[in-house]
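J.: Below is one structure. I have some questions about it.
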Amino acid sequence: MSRSLEKFFPHLLLAGYVVLFIVCAIHPVDKEVWFAENLTVLLIVIPLVATYPKFRFSNTAYALMSVWIYMHTIGGHYTFSKVPFDIVNEFFGWERNNYDRVAHFSVGFYAFAIAELLERKRLVANRVMLFLFPIFAISTVAALYEIIEWIAAISLDPKAGADYVGAQGDIWDAQKDMCCDISGALFATILYFLLRKPKLKP
């Protein structure tokens, strides 16, 4: 990657998101769901943009974080259960549309950025805490999100609520979503340790 591309990589990711947001804002399947899903995305994007001058994550961290942002934006347009995902579903033999589960796995990618922040700001004293804290943080966020999702679902009309939650008839949907979040966090944290090799004491 050239130095100029490396320098402006976060800007390119942001530009890609803006374009995707505009495209996905055109005739969404359900306007209520679209608004609710994109509000969630903006609660992540705006702080990242606002803090960029003061704290710049690595390009790897921004790339990993953008996966969920892009997937969630697309999910907001179609509603997650209706996203065209047939090729992947058929490849793995899934009867259920698991686009939302893949998106939940990508939530865990934020553990990479959390670990990076902790190490660079020297907020933890050893590698054990550096490994565990991002996973616990994502676990907490995942549980809170499921609660917020449930509250939002009962506040919307029945159809919009069902589309927002995207359970697709699975009574264990919330638990499986959280499992995907935590699995993604475990993957991202291991990736961080493999790439960065933290110098903290054990």
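Identifiers for the structure tokens are assigned positionally: chains receive A, B, ... in sequence, residues are indexed from 1 per chain, and ligands are indexed from 1 in the order shown.
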Please run DSSP on the backbone and report, as a ChimeraX atom specification, all residues within segment 46-116 of chain A that come out as helix (DSSP H, G or I).

T.: /A:46-51,59-78,80-82,86-92,99-107,110-116

J.: Could you pull the residues within 12 Å of segment 126-132 of chain A, counting only C-alpha atoms, minus those fewer than 6 positions along the same chain, as an NGL selection string?

T.: :A and (111-120 or 138-139 or 182 or 185-194 or 196-202)

J.: Taking into account only C-alpha atoms, which residue in the set A:Arg122, A:Tyr145, A:Arg3, A:Trp150 is nearest to Asn59 of chain A?

T.: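 Closest residue, counting only C-alpha atoms: A:Arg3.
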
J.: Per residue of segment 30-75 of chain A within 7 Å of segment 8-21 of chain A, note the shortest atom pair and the distance in Å to one decimal, counting only C-alpha atoms, and order the rows by chain and increasing residue number, as a tab-separated table.

T.:
```
residue	atom	partner	partner_atom	distance
A:Asn59	CA	A:Phe9	CA	6.6
A:Tyr62	CA	A:Pro10	CA	6.4
A:Tyr70	CA	A:Tyr17	CA	6.5
A:Thr73	CA	A:Phe21	CA	6.5
```

J.: Please report the interatomic distance between atom CA of Asp30 of chain A and atom CA of Phe92 of chain A in Å with one decimal.

T.: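 Computing the Euclidean distance for atom CA of Asp30 of chain A and atom CA of Phe92 of chain A yields 28.1 Å.
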
J.: State, in Å with one decimal place, the distance from atom CA of Asn97 of chain A to atom CA of Ser81 of chain A.

T.: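 The value is 5.9 Å.
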
J.: Using only C-alpha atoms, determine which residues lie at most 10 Å from Ala25 of chain A, disregarding the query and same-chain residues fewer than 2 positions distant; provide the list as an NGL selection string.

T.: :A and (19-23 or 27-29 or 31 or 34-35 or 38 or 73-74 or 76-77)
